[in-house]
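**Student:** Next up is a structure, given as structure tokens.
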Amino acid sequence: MNAPRAALAALFAFGLLLAACAPGTRGDPETVRPPLDEARLRPVERTAWEAWLLMEIQRLRSGLYSTQALIDLTLPRGVRWTVVDFSGDDYALIVTSDDEDGDGVRVTPEGVRPAG
């Protein structure tokens, strides 16, 4: 595993650890939680959770969300993210893939869930 992938895997694992320790979640109980086995995630889901983690880290560091956090997000072939709603304290992204049918997944401060 190369260094950037190892760092991203560590970041993802750290995010899962933080989520497991959180006292509760805000928002809708239908929000999808990442599986404990990251190998089971489809590329679009993994990218969506990585985007969510990067956005949360940006908010923790600066107090506001910023799409600048997504500059270093590695996108698998055919996967893309689109901003559909944004303000400094809220956002919504849609992550889609050319290799999958459907509406993709929606990323918000509440987590990741199927779009549409």
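Residues in the structure tokens are numbered from 1 in each chain, the chains being A, B, ... in the order shown, and ligands are numbered from 1 in the order shown.
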Identify, on the basis of only C-alpha atoms, every residue whose closest approach to Ala48 in chain A does not exceed 8 Å; exclude the query and any residue fewer than 3 positions from it along the same chain; express the result as a PyMOL selection string.
**Tutor:** chain A and resi 44-45+51-52+95+105-107+112
**Student:** Could you pull the residues within 9 Å of Gln58 in chain A, counting only C-alpha atoms, minus those fewer than 6 positions along the same chain, as a ChimeraX atom specification?
**Tutor:** /A:64-69
**Student:** Fewer than 5 positions away in the same chain doesn't count, so skip those; otherwise give me all residues within 9 Å of Leu75 in chain A, counting only C-alpha atoms, as an MDAnalysis selection string.
**Tutor:** chainID A and resid 43:44 47 80:81
**Student:** Keeping only N, CA and C atoms, take the residues you just selected and write them out as a CSV table (one decimal), in the first residue's frame.
**Tutor:**
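Once everything was written out, this is selection.csv:
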chain,number,residue,atom,x,y,z
A,43,PRO,N,-16.9,1.9,-4.5
A,43,PRO,CA,-16.0,3.1,-4.7
A,43,PRO,C,-16.8,4.4,-4.4
A,44,VAL,N,-18.0,4.5,-4.9
A,44,VAL,CA,-18.8,5.7,-4.7
A,44,VAL,C,-19.1,5.9,-3.2
A,47,THR,N,-15.7,6.9,-1.4
A,47,THR,CA,-15.4,8.3,-1.8
A,47,THR,C,-16.3,9.3,-1.0
A,80,ARG,N,-17.3,11.0,-9.3
A,80,ARG,CA,-17.2,12.5,-9.2
A,80,ARG,C,-18.1,13.0,-8.1
A,81,TRP,N,-17.8,14.2,-7.6
A,81,TRP,CA,-18.7,14.8,-6.6
A,81,TRP,C,-19.2,16.1,-7.1
**Student:** Measuring between only C-alpha atoms, which one of A:Gly102, A:Gly78, A:Gly88, A:Gly111 shows the shortest distance to Ser62 in chain A?
**Tutor:**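 Between A:Gly102, A:Gly78, A:Gly88, A:Gly111, the residue approaching Ser62 in chain A most closely is A:Gly88.
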**Student:** Using only C-alpha atoms, find the one residue out of A:Asp98, A:Glu50, A:Glu110, A:Asp85 that sits nearest to Ile71 in chain A.
**Tutor:**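 Nearest candidate to Ile71 in chain A out of A:Asp98, A:Glu50, A:Glu110, A:Asp85: A:Glu50.
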